[in-house]
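Undergrad: Please find upload_24.csv (CSV, C-alpha atoms) on the next line:
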```
chain,number,residue,atom,x,y,z
A,286,MET,CA,65.2,2.1,89.9
A,287,SER,CA,62.9,5.0,89.3
A,288,LEU,CA,65.6,6.7,87.3
A,289,PRO,CA,65.6,6.2,83.5
A,290,PRO,CA,68.2,3.7,82.4
A,291,SER,CA,70.5,6.3,81.0
A,292,LEU,CA,70.9,8.0,84.3
A,293,ARG,CA,71.4,4.9,86.3
A,294,ALA,CA,74.8,4.2,84.7
A,295,SER,CA,76.4,7.6,84.9
A,296,ILE,CA,75.9,11.2,85.8
A,297,THR,CA,75.1,13.8,83.2
A,298,PRO,CA,77.6,16.2,81.5
A,299,PRO,CA,75.9,19.3,83.1
A,300,GLU,CA,76.5,17.7,86.5
A,301,LEU,CA,80.1,17.2,85.7
A,302,GLU,CA,80.3,20.8,84.6
A,303,LEU,CA,78.9,21.7,88.0
A,304,VAL,CA,81.6,19.7,89.8
A,305,ALA,CA,84.3,21.2,87.6
A,306,SER,CA,83.1,24.8,88.4
A,307,GLU,CA,84.4,24.4,92.0
A,308,GLN,CA,87.9,24.5,90.7
A,309,LEU,CA,89.8,27.7,91.4
A,310,VAL,CA,90.9,30.1,88.6
A,311,GLU,CA,92.8,33.3,88.8
A,312,ILE,CA,91.0,36.5,88.0
A,313,VAL,CA,91.8,40.2,87.8
A,314,PRO,CA,88.9,41.8,89.6
A,315,LEU,CA,87.5,45.1,88.4
A,316,VAL,CA,85.5,45.8,91.5
A,317,SER,CA,86.6,45.5,95.1
A,318,MET,CA,84.9,43.3,97.6
A,319,GLU,CA,85.6,42.2,101.1
A,320,ARG,CA,86.4,38.6,101.9
A,321,THR,CA,83.1,36.8,101.8
A,322,ALA,CA,82.0,33.5,103.1
A,323,PHE,CA,80.2,31.1,100.7
A,324,ILE,CA,79.0,27.6,101.4
A,325,SER,CA,82.1,26.1,99.7
A,326,GLY,CA,84.5,28.5,101.5
A,327,ALA,CA,85.6,32.0,101.9
A,328,TYR,CA,86.9,33.9,98.9
A,329,GLY,CA,88.4,37.3,98.4
A,330,PRO,CA,89.1,40.0,99.3
A,331,LEU,CA,89.0,41.4,95.8
A,332,ARG,CA,91.3,44.4,95.4
A,333,PRO,CA,91.8,45.6,91.8
A,334,PRO,CA,94.1,45.2,90.1
A,335,THR,CA,95.6,42.4,92.4
A,336,LYS,CA,95.1,38.9,91.1
A,337,CYS,CA,92.9,36.6,93.1
A,338,LYS,CA,91.8,33.0,93.1
A,339,VAL,CA,88.1,32.2,93.1
A,340,PRO,CA,86.1,29.2,92.1
A,341,LEU,CA,85.1,29.0,88.4
A,342,TRP,CA,81.4,29.5,89.1
A,343,MET,CA,82.2,32.8,90.8
A,344,ALA,CA,84.6,33.9,88.1
A,345,SER,CA,82.1,33.2,85.3
A,346,ASN,CA,79.4,35.0,87.3
A,347,LEU,CA,81.6,38.1,87.8
A,348,LYS,CA,82.8,37.9,84.2
A,349,LEU,CA,79.3,38.0,82.8
A,350,LYS,CA,78.7,41.1,84.9
A,351,LYS,CA,81.9,42.5,83.4
A,352,LYS,CA,83.4,42.7,86.9
A,353,CYS,CA,86.6,40.8,86.2
A,354,HIS,CA,89.0,39.4,83.6
A,355,ILE,CA,89.7,35.7,83.9
A,356,ILE,CA,93.3,34.6,83.5
A,357,PRO,CA,93.1,31.3,81.6
A,358,PRO,CA,94.9,28.3,83.1
A,359,THR,CA,98.3,27.5,81.7
A,360,TRP,CA,97.1,24.7,79.5
A,361,LEU,CA,94.4,26.7,77.7
A,362,ASN,CA,96.4,28.3,74.9
A,363,VAL,CA,97.2,27.5,71.4
A,364,GLU,CA,100.8,26.3,71.8
A,365,PHE,CA,100.1,23.9,74.6
A,366,LEU,CA,97.1,22.4,72.9
A,367,GLN,CA,98.9,22.2,69.6
A,368,ASP,CA,101.6,20.3,71.4
A,369,ARG,CA,99.2,17.9,73.0
A,370,LEU,CA,97.4,17.3,69.7
A,371,THR,CA,100.7,16.3,68.1
A,372,GLN,CA,101.3,13.9,71.0
A,373,GLU,CA,97.8,12.6,70.7
A,374,THR,CA,98.1,11.8,67.0
A,375,THR,CA,101.7,10.4,67.1
A,376,LEU,CA,101.7,8.4,70.3
A,377,PRO,CA,99.5,5.4,71.1
A,378,SER,CA,98.7,6.5,74.7
A,379,PHE,CA,96.4,9.2,75.9
A,380,SER,CA,98.4,12.4,76.4
A,381,GLU,CA,98.3,14.1,79.8
A,382,MET,CA,95.5,16.5,80.2
A,383,PRO,CA,94.0,18.1,83.3
A,384,PHE,CA,91.3,15.7,84.5
A,385,ARG,CA,88.4,18.2,83.9
A,386,PHE,CA,89.9,20.0,80.9
A,387,ALA,CA,86.8,19.6,78.8
A,388,GLU,CA,84.5,21.2,81.3
A,389,VAL,CA,86.8,24.1,82.3
A,390,ALA,CA,87.6,24.8,78.6
A,391,LYS,CA,83.9,24.8,77.7
A,392,ILE,CA,83.0,27.2,80.5
A,393,LEU,CA,85.8,29.6,79.7
A,394,LEU,CA,85.2,29.5,76.0
A,395,ASP,CA,81.6,30.1,76.7
A,396,VAL,CA,81.8,33.1,79.1
A,397,ALA,CA,85.2,34.6,78.5
A,398,PRO,CA,86.3,34.2,74.9
A,399,ASP,CA,87.7,37.7,75.0
A,400,ASP,CA,90.2,36.7,77.8
A,401,LEU,CA,91.7,34.0,75.6
A,402,GLN,CA,94.1,34.3,72.8
A,403,ASN,CA,92.6,33.1,69.6
A,404,PRO,CA,89.5,31.3,71.0
A,405,GLU,CA,88.4,29.9,67.7
A,406,LYS,CA,91.7,28.2,67.2
A,407,ILE,CA,91.5,26.8,70.7
A,408,ARG,CA,88.0,25.5,70.0
A,409,THR,CA,89.2,23.7,66.9
A,410,LEU,CA,92.2,22.2,68.7
A,411,LEU,CA,90.1,20.9,71.5
A,412,LYS,CA,87.7,19.3,69.1
A,413,ASP,CA,90.6,17.6,67.3
A,414,ILE,CA,92.1,16.4,70.5
A,415,ARG,CA,88.7,15.1,71.5
A,416,GLU,CA,88.3,13.2,68.3
A,417,ALA,CA,91.8,11.7,68.5
A,418,ARG,CA,91.1,10.5,72.0
A,419,GLN,CA,87.8,9.1,71.1
A,420,ALA,CA,89.4,7.0,68.4
A,421,LYS,CA,91.8,5.6,71.0
A,422,SER,CA,89.1,4.7,73.5
A,423,ARG,CA,87.3,3.0,70.6
A,424,GLU,CA,90.4,0.9,70.1
A,425,GLY,CA,90.3,-0.1,73.7
A,426,LEU,CA,86.9,-1.5,73.2
A,427,SER,CA,88.1,-4.4,71.1
A,428,LYS,CA,90.5,-5.3,73.9
A,429,LEU,CA,87.8,-5.2,76.5
A,430,ASP,CA,88.7,-7.5,79.4
A,431,PRO,CA,86.2,-8.8,81.9
A,432,ASN,CA,88.5,-8.1,84.8
A,433,GLU,CA,90.1,-4.8,84.4
A,434,LEU,CA,90.3,-1.7,82.2
A,435,ILE,CA,93.3,0.6,82.1
A,436,LEU,CA,93.0,3.8,80.2
A,437,GLN,CA,95.5,6.2,81.6
A,438,ASN,CA,95.0,10.0,81.5
A,439,LEU,CA,91.4,9.7,80.4
A,440,ALA,CA,89.5,12.8,81.4
A,441,ALA,CA,86.3,13.0,83.4
A,442,MET,CA,84.0,13.8,80.5
A,443,GLU,CA,85.5,11.0,78.4
A,444,ILE,CA,85.1,8.5,81.2
A,445,ASN,CA,81.6,9.6,81.6
A,446,GLU,CA,80.8,9.2,78.0
A,447,ILE,CA,82.1,5.6,77.7
A,448,ARG,CA,81.1,4.4,81.1
A,449,PRO,CA,77.6,3.1,80.4
A,450,PHE,CA,78.5,0.7,77.6
A,451,PHE,CA,82.0,-0.2,78.9
A,452,VAL,CA,80.5,-1.3,82.2
A,453,ARG,CA,77.7,-3.2,80.5
A,454,GLY,CA,80.1,-4.8,78.1
A,455,MET,CA,82.4,-5.9,80.8
A,456,SER,CA,79.6,-7.4,82.8
A,457,VAL,CA,78.4,-9.3,79.8
A,458,LEU,CA,81.9,-10.6,79.2
A,459,THR,CA,82.2,-11.6,82.8
A,460,GLN,CA,79.2,-13.8,82.3
A,461,LEU,CA,80.3,-15.3,79.1
A,462,THR,CA,83.7,-16.2,80.5
A,463,ARG,CA,83.7,-19.6,82.1
A,464,GLU,CA,84.0,-19.5,85.8
A,465,PRO,CA,87.3,-20.9,86.9
A,466,PRO,CA,87.1,-24.3,88.7
A,467,ALA,CA,85.4,-24.1,92.1
A,468,GLY,CA,87.5,-23.2,95.1
A,469,ASP,CA,87.7,-19.4,94.7
A,470,PRO,CA,84.5,-17.9,95.9
A,471,MET,CA,85.6,-14.4,94.8
A,472,ASP,CA,85.4,-15.5,91.1
A,473,GLU,CA,81.8,-16.5,91.1
A,474,THR,CA,79.8,-14.6,88.6
B,153,MET,CA,71.4,-11.7,81.1
B,154,GLU,CA,71.8,-11.8,84.8
B,155,ASP,CA,70.7,-14.8,86.9
B,156,ASP,CA,68.4,-12.6,88.8
B,157,TYR,CA,65.1,-14.4,89.6
B,158,TYR,CA,63.2,-11.3,88.5
B,159,SER,CA,65.1,-10.7,85.3
B,160,ILE,CA,62.7,-10.9,82.4
B,161,GLU,CA,65.7,-11.4,80.0
B,162,SER,CA,66.8,-14.4,81.9
B,163,ILE,CA,63.3,-15.9,81.7
B,164,LEU,CA,63.2,-15.2,78.0
B,165,ALA,CA,66.5,-16.8,77.4
B,166,GLU,CA,65.4,-19.9,79.2
B,167,ASN,CA,62.3,-20.1,77.0
B,168,GLN,CA,64.3,-21.4,74.1
B,169,LYS,CA,63.8,-25.1,73.2
B,170,ILE,CA,66.5,-27.6,72.8
B,171,GLN,CA,66.4,-31.2,71.7
B,172,CYS,CA,66.7,-33.9,74.2
B,173,THR,CA,67.1,-37.6,73.9
B,174,PHE,CA,65.6,-39.6,76.8
B,175,LYS,CA,67.7,-42.3,78.2
B,176,THR,CA,64.9,-44.1,80.1
B,177,ASP,CA,61.2,-44.6,79.8
B,178,VAL,CA,59.2,-42.0,81.6
B,179,PRO,CA,55.6,-43.1,82.2
B,180,ASP,CA,52.7,-40.7,81.6
B,181,MET,CA,54.8,-37.8,80.4
B,182,GLY,CA,54.0,-38.0,76.7
B,183,HIS,CA,52.3,-34.6,76.8
B,184,LEU,CA,55.7,-33.0,77.0
B,185,ASP,CA,56.1,-33.9,73.3
B,186,GLY,CA,53.1,-31.9,72.2
B,187,GLY,CA,49.6,-33.2,72.9
B,188,LYS,CA,50.2,-36.9,72.8
B,189,THR,CA,49.5,-38.8,76.0
B,190,GLY,CA,51.1,-42.0,77.2
B,191,ASP,CA,54.7,-42.7,78.0
B,192,ILE,CA,58.0,-41.3,76.8
B,193,LYS,CA,60.0,-44.1,75.4
B,194,ALA,CA,63.7,-44.3,75.9
B,195,LEU,CA,65.7,-42.8,72.9
B,196,SER,CA,62.8,-40.7,71.8
B,197,LYS,CA,63.7,-37.2,70.9
B,198,VAL,CA,61.8,-34.3,72.4
B,199,GLN,CA,62.0,-30.5,72.1
B,200,LEU,CA,61.9,-29.2,75.6
B,201,PRO,CA,62.3,-25.6,76.9
B,202,LEU,CA,65.6,-25.0,78.6
B,203,TRP,CA,64.2,-24.4,82.1
B,204,MET,CA,62.9,-28.0,82.1
B,205,VAL,CA,66.0,-29.5,80.7
B,206,TYR,CA,68.1,-28.6,83.6
B,207,ILE,CA,66.5,-31.1,86.0
B,208,LEU,CA,66.2,-33.8,83.3
B,209,ILE,CA,69.9,-33.6,82.6
B,210,TYR,CA,71.1,-33.3,86.1
B,211,SER,CA,69.1,-36.3,87.2
B,212,ASP,CA,70.3,-38.2,84.2
B,213,TYR,CA,67.0,-38.8,82.5
B,214,ALA,CA,68.1,-37.4,79.2
B,215,ASP,CA,70.9,-36.1,77.0
B,216,PHE,CA,70.8,-33.0,74.9
B,217,THR,CA,72.2,-32.0,71.6
B,218,ILE,CA,73.8,-28.6,71.1
B,219,PRO,CA,71.1,-26.5,69.6
B,220,PRO,CA,71.5,-25.1,66.0
B,221,PRO,CA,72.4,-21.5,67.1
B,222,PHE,CA,75.6,-22.9,68.5
B,223,ALA,CA,76.2,-25.8,66.1
B,224,ALA,CA,79.4,-26.2,64.0
B,225,ARG,CA,77.9,-24.4,61.0
B,226,VAL,CA,77.2,-21.2,63.0
B,227,ARG,CA,80.6,-21.5,64.7
B,228,ASN,CA,82.4,-21.7,61.4
B,229,ALA,CA,80.4,-18.7,60.1
B,230,LEU,CA,81.3,-16.7,63.2
B,231,ASN,CA,85.0,-17.7,62.8
B,232,ALA,CA,85.0,-16.5,59.2
B,233,GLU,CA,83.3,-13.1,59.9
B,234,ALA,CA,81.5,-12.6,63.2
B,235,LYS,CA,79.9,-9.4,61.9
B,236,SER,CA,78.0,-10.9,59.1
B,237,VAL,CA,76.2,-13.5,61.2
B,238,ARG,CA,72.7,-12.5,62.1
B,239,LEU,CA,72.4,-13.4,65.7
B,240,SER,CA,68.8,-12.3,66.0
B,241,ALA,CA,67.8,-14.7,63.2
B,242,LEU,CA,69.3,-17.5,65.2
B,243,VAL,CA,67.3,-17.0,68.3
B,244,GLY,CA,64.2,-15.3,67.1
B,245,GLN,CA,63.1,-11.7,67.3
B,246,GLY,CA,64.5,-9.9,70.4
B,247,GLY,CA,66.2,-13.2,71.4
B,248,LEU,CA,69.2,-13.4,73.6
B,249,TRP,CA,71.9,-15.3,71.8
B,250,TYR,CA,74.5,-14.6,74.4
B,251,GLY,CA,72.2,-15.4,77.3
B,252,PHE,CA,71.1,-18.7,75.6
B,253,GLY,CA,74.6,-19.6,74.9
B,254,ARG,CA,75.6,-19.0,78.5
B,255,MET,CA,72.9,-21.3,79.7
B,256,ILE,CA,74.0,-24.0,77.3
B,257,MET,CA,77.5,-23.5,78.5
B,258,ARG,CA,76.5,-24.2,82.0
B,259,LEU,CA,74.9,-27.5,81.0
B,260,LEU,CA,78.1,-28.6,79.4
B,261,ASN,CA,81.2,-29.7,81.1
B,262,ASP,CA,84.9,-28.8,80.8
B,263,ILE,CA,86.2,-28.8,77.3
B,264,PRO,CA,83.0,-28.3,75.3
B,265,ALA,CA,82.0,-25.5,77.8
B,266,ALA,CA,85.4,-23.8,77.5
B,267,GLU,CA,85.0,-24.0,73.7
B,268,LEU,CA,81.6,-22.5,73.8
B,269,SER,CA,82.8,-19.8,76.1
B,270,LYS,CA,85.5,-19.0,73.7
B,271,VAL,CA,83.0,-18.8,70.8
B,272,LEU,CA,80.8,-16.4,72.8
B,273,THR,CA,83.5,-14.1,74.1
B,274,ASP,CA,85.3,-14.0,70.7
B,275,THR,CA,82.0,-13.2,68.9
B,276,PHE,CA,81.3,-10.5,71.5
B,277,HIS,CA,84.7,-8.9,71.1
B,278,LYS,CA,84.5,-8.9,67.3
B,279,ARG,CA,81.1,-7.4,67.2
B,280,LEU,CA,81.2,-4.9,70.0
B,281,PRO,CA,83.2,-2.2,68.2
B,282,GLU,CA,80.8,-2.3,65.3
B,283,VAL,CA,77.8,-2.0,67.7
B,284,ILE,CA,79.3,1.0,69.4
B,285,ASP,CA,80.4,2.6,66.1
B,286,GLN,CA,77.0,2.4,64.7
B,287,ALA,CA,75.4,3.7,67.9
B,288,GLN,CA,77.7,6.7,67.9
B,289,HIS,CA,77.1,7.2,64.2
B,290,PHE,CA,73.4,7.3,64.8
B,291,ALA,CA,73.7,9.6,67.8
B,292,SER,CA,75.5,12.1,65.7
B,293,LEU,CA,72.9,11.8,62.9
B,294,GLN,CA,70.2,13.0,65.3
B,295,GLY,CA,67.9,15.4,63.4
B,296,THR,CA,69.1,14.8,59.9
B,297,ILE,CA,66.5,12.4,58.5
B,298,GLY,CA,67.6,9.9,55.9
B,299,GLY,CA,71.3,10.9,56.3
B,300,SER,CA,72.6,7.8,54.8
B,301,SER,CA,76.2,8.7,54.1
B,302,ARG,CA,78.0,5.6,55.2
B,303,GLY,CA,79.3,3.3,52.5
B,304,GLY,CA,77.8,-0.2,52.1
B,305,ASP,CA,74.6,0.8,53.8
B,306,ALA,CA,72.9,-2.5,53.2
B,307,ILE,CA,75.6,-4.3,55.1
B,308,VAL,CA,75.4,-1.8,57.9
B,309,ALA,CA,71.7,-2.1,58.2
B,310,ALA,CA,71.9,-5.9,58.0
B,311,PHE,CA,74.2,-5.9,60.9
B,312,ARG,CA,71.9,-3.7,62.9
B,313,GLU,CA,69.0,-6.0,62.3
B,314,GLY,CA,71.2,-9.0,63.2
B,315,MET,CA,72.0,-7.7,66.7
B,316,ASP,CA,70.8,-9.8,69.5
B,317,GLY,CA,69.0,-8.5,72.6
B,318,THR,CA,72.2,-7.9,74.6
B,319,GLU,CA,73.8,-6.0,71.8
B,320,ARG,CA,70.7,-3.9,71.3
B,321,GLU,CA,70.9,-2.9,74.9
B,322,LEU,CA,74.5,-1.9,74.5
B,323,PHE,CA,73.7,0.0,71.3
B,324,GLN,CA,71.0,2.0,73.2
B,325,LEU,CA,73.3,2.8,76.1
B,326,ALA,CA,76.1,4.0,73.8
B,327,GLN,CA,73.7,6.0,71.7
B,328,GLU,CA,72.1,7.7,74.7
B,329,SER,CA,75.5,8.5,76.2
B,330,ALA,CA,76.9,9.9,72.9
B,331,LYS,CA,73.8,12.0,72.3
B,332,ARG,CA,74.0,13.5,75.8
B,333,THR,CA,77.7,14.3,75.5
B,334,LYS,CA,77.3,15.8,72.1
B,335,LEU,CA,74.4,17.9,73.3
B,336,TRP,CA,76.5,19.3,76.1
B,337,TYR,CA,79.4,20.1,73.9
B,338,GLU,CA,77.2,22.0,71.5
B,339,ALA,CA,75.0,23.8,74.0
B,340,SER,CA,75.9,27.2,75.2
B,341,ASP,CA,74.3,28.2,78.4
B,342,ARG,CA,75.8,31.7,78.5
B,343,GLY,CA,72.3,33.1,78.9
B,344,ARG,CA,71.5,30.9,81.9
B,345,ARG,CA,74.4,31.9,84.1
```
Could you take the file, read its structure, and then write that structure out as structure tokens?

TA:
Amino acid sequence: MSLPPSLRASITPPELELVASEQLVEIVPLVSMERTAFISGAYGPLRPPTKCKVPLWMASNLKLKKKCHIIPPTWLNVEFLQDRLTQETTLPSFSEMPFRFAEVAKILLDVAPDDLQNPEKIRTLLKDIREARQAKSREGLSKLDPNELILQNLAAMEINEIRPFFVRGMSVLTQLTREPPAGDPMDET
Amino acid sequence: MEDDYYSIESILAENQKIQCTFKTDVPDMGHLDGGKTGDIKALSKVQLPLWMVYILIYSDYADFTIPPPFAARVRNALNAEAKSVRLSALVGQGGLWYGFGRMIMRLLNDIPAAELSKVLTDTFHKRLPEVIDQAQHFASLQGTIGGSSRGGDAIVAAFREGMDGTERELFQLAQESAKRTKLWYEASDRGRR
């Protein structure tokens, strides 16, 4: 209870980013390095110009020292995102996106825009997708149910953003709903 | 809103007064009706705080009338347009309309209770999107002072003032969360890495 109210309900976006940076990405190293052990595992060896899989945090670190090129994941390009945006705006359900796409995309756009094709366009597309999805989760709000909530394909960052007030709203609703007649102790509020 | 013994909100919600009609004479309890001494006569109407009413009703000393915030007039207004009812005006500043309603609901039985529950949940459902919309709107305004761009601003402001304690809490949660996420999306920590 010593945490401020906003932190009790959910974790912060930077924390999510930290979690996401454990994901592996492919890089083309520009320096060679022996296989090295880190706390999260052993990565390498780096042998230019052979591709290698390393965690995102290591990739961004190397990238900033200009010691590698990052190969963007298959979903981080204009065609794929354009396709998803079309799905997003035409279909009522959330389109399928990698669970931590927002975090990974942000890190890559941040540290390695030169490894992406047309980063500005990608940025705009991601923003549009985000807005389209936000509008959908807003719609879900009016259908809020005290017992369950199903929003398929919602990504980590989006869940985190809506979590505090969805949870609170659901608990308020639980209390406003009349308890079913006695007999089922599981339903007591 | 919880039933927690230590919940200040729960105590505040119980502090609302409702009108009771005594069924029997109660000797030497006249001070309940504000200062007078003597007995409470049967059929006399007394405004009592909710926490005291429980025991009176359960032990069959008194009946109560549905308090004005949940009376037919308010219900009709809520049915017509839930968003234009000022809940905070019904239960006083910082009052908890939903919390109060829930306590009344538990005093009632079957059908009236189910009806009241429906009124409460419907109202909550209808008002929630507006609460969250406004919270997110305000989170994105951050920094721009006096950025009043939304149409029908008087209505929007009136709704905000009419939110009850529970809705205010939700508003704050949503605003905080939207602000944090927005900040993250906009920040670049290239220099930090």

Undergrad: Show me, as a list in words, the residues that have an atom within 6 Å of B:Lys169 when counting only C-alpha atoms, minus same-chain residues fewer than 4 positions from it.

TA: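 In the requested form, the answer reads Gln199, Leu200, Pro201 and Leu202 of chain B.
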
Undergrad: Considering only C-alpha atoms, return as a list in words whatever protein or nucleic-acid residues lie within 8 Å of stretch 247-255 of chain B, sequence-local ones (same chain, fewer than 6 positions apart) excluded.

TA: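 Non-adjacent residues within range: Gln460 and Leu461 of chain A; Met153, Glu161, Ser162, Leu164, Ala165, Glu166, Gln168, Pro221, Phe222, Leu239, Ser240, Leu268, Ser269, Leu272, Asp316, Gly317 and Thr318 of chain B.
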
Undergrad: One decimal, Å: what's the distance from atom CA of B:Thr273 over to atom CA of A:Lys428, could you say?

TA: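 Taking atom CA of B:Thr273 as the start and atom CA of A:Lys428 as the end point, the length is 11.2 Å.
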
Undergrad: Could you jot down the atom CA of B:Thr173 to atom CA of B:Val226 separation for me, Å, one decimal place?

TA: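 If I compute the distance from atom CA of B:Thr173 to atom CA of B:Val226, I get 22.1 Å.
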
Undergrad: List every protein, DNA or RNA residue that has at least one atom no more than 9 Å from (77.8, -13.7, 62.0) in the file's coordinates, counting all atoms listed in the file, and write the result as a list of chain:residue names.

TA: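 Checking each residue against the 9 Å limit leaves B:Val226, B:Arg227, B:Ala229, B:Leu230, B:Asn231, B:Ala232, B:Glu233, B:Ala234, B:Lys235, B:Ser236, B:Val237, B:Arg238, B:Leu239, B:Thr275, B:Arg279, B:Phe311, B:Gly314.
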
Undergrad: Tell me which protein, DNA and RNA residues are within 8 Å of A:Lys336, counting only C-alpha atoms, leaving out same-chain ones fewer than 2 positions away, and put them as a list in words.

TA: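 Returned residues: Glu311, Ile312, Val313, Pro314, Arg332, Pro333, Pro334 and Lys338 of chain A.
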
Undergrad: Please check the contacts: residues of chain B at most 8 Å away from chain A, using only C-alpha atoms, listed as a VMD selection string.

TA: chain B and resid 153 250 254 265 to 266 269 to 270 272 to 273 276 to 278 280 to 281 322 to 323 325 to 326 328 to 330 332 to 333 336 to 337 340 to 342 345

Undergrad: Go ahead and compute the interatomic distance for atom CA of A:Val310 and atom CA of A:Met343, in Å to one decimal.

TA: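 Result for atom CA of A:Val310 versus atom CA of A:Met343: 9.4 Å, one decimal.
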
Undergrad: Select, from A:Pro377, A:Ile414, A:Ala440, A:Val389, the residue with the minimum atom-to-atom distance to A:Leu303, counting all atoms listed in the file.

TA: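 For A:Leu303, the nearest of the candidates is A:Val389.
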
Undergrad: Name all residues at most 7 Å from A:Glu307 (count all atoms listed in the file; drop same-chain ones fewer than 3 positions away) and give them as a list in words.

TA: Val304, Pro340, Leu341 and Trp342 of chain A

Undergrad: With all atoms listed in the file as the atoms that count, which of A:Ser378, A:Thr321, A:Gln372, A:Gln402 lies nearest to A:Thr359?

TA: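 Closest to A:Thr359 of all the choices is A:Gln402.
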
Undergrad: Which one of B:Gln324, B:Ser196, B:Gln286, B:Ser159 sits closest to B:Asp215 if you count all atoms listed in the file?

TA: B:Ser196

Undergrad: Can you rebuild stretch 364-369 of chain A with all heavy atoms and give it as a tab-separated table (two decimals), in the frame of the given file?

TA:
```
chain	number	residue	atom	x	y	z
A	364	GLU	N	99.56	27.11	71.90
A	364	GLU	CA	100.80	26.30	71.80
A	364	GLU	C	100.69	25.02	72.57
A	364	GLU	O	101.03	23.96	72.05
A	364	GLU	CB	102.00	27.12	72.43
A	364	GLU	CG	102.35	28.40	71.71
A	364	GLU	CD	101.52	29.57	72.19
A	364	GLU	OE1	101.64	29.91	73.38
A	364	GLU	OE2	100.74	30.13	71.40
A	365	PHE	N	100.19	25.11	73.80
A	365	PHE	CA	100.10	23.90	74.60
A	365	PHE	C	99.19	22.86	73.96
A	365	PHE	O	99.53	21.69	73.85
A	365	PHE	CB	99.54	24.28	76.01
A	365	PHE	CG	99.49	23.13	76.97
A	365	PHE	CD1	100.55	22.88	77.83
A	365	PHE	CD2	98.38	22.29	77.02
A	365	PHE	CE1	100.51	21.83	78.72
A	365	PHE	CE2	98.33	21.23	77.91
A	365	PHE	CZ	99.39	21.01	78.76
A	366	LEU	N	98.05	23.32	73.50
A	366	LEU	CA	97.10	22.40	72.90
A	366	LEU	C	97.62	21.80	71.60
A	366	LEU	O	97.42	20.62	71.31
A	366	LEU	CB	95.75	23.06	72.69
A	366	LEU	CG	95.00	23.44	73.97
A	366	LEU	CD1	93.73	24.18	73.64
A	366	LEU	CD2	94.69	22.23	74.81
A	367	GLN	N	98.31	22.64	70.84
A	367	GLN	CA	98.90	22.20	69.60
A	367	GLN	C	99.90	21.05	69.89
A	367	GLN	O	99.90	20.00	69.24
A	367	GLN	CB	99.62	23.33	68.90
A	367	GLN	CG	100.10	23.00	67.49
A	367	GLN	CD	98.95	23.03	66.50
A	367	GLN	OE1	98.32	24.06	66.31
A	367	GLN	NE2	98.65	21.90	65.88
A	368	ASP	N	100.67	21.27	70.93
A	368	ASP	CA	101.60	20.30	71.40
A	368	ASP	C	100.97	18.98	71.75
A	368	ASP	O	101.37	17.89	71.35
A	368	ASP	CB	102.43	20.88	72.54
A	368	ASP	CG	103.47	19.94	73.04
A	368	ASP	OD1	104.23	19.45	72.19
A	368	ASP	OD2	103.52	19.69	74.26
A	369	ARG	N	99.90	19.11	72.51
A	369	ARG	CA	99.20	17.90	73.00
A	369	ARG	C	98.53	17.18	71.79
A	369	ARG	O	98.47	15.95	71.75
A	369	ARG	CB	98.10	18.29	73.99
A	369	ARG	CG	98.66	18.52	75.36
A	369	ARG	CD	99.30	17.26	75.90
A	369	ARG	NE	100.56	17.51	76.56
A	369	ARG	CZ	100.69	17.71	77.86
A	369	ARG	NH1	99.65	17.67	78.64
A	369	ARG	NH2	101.87	17.93	78.37
```
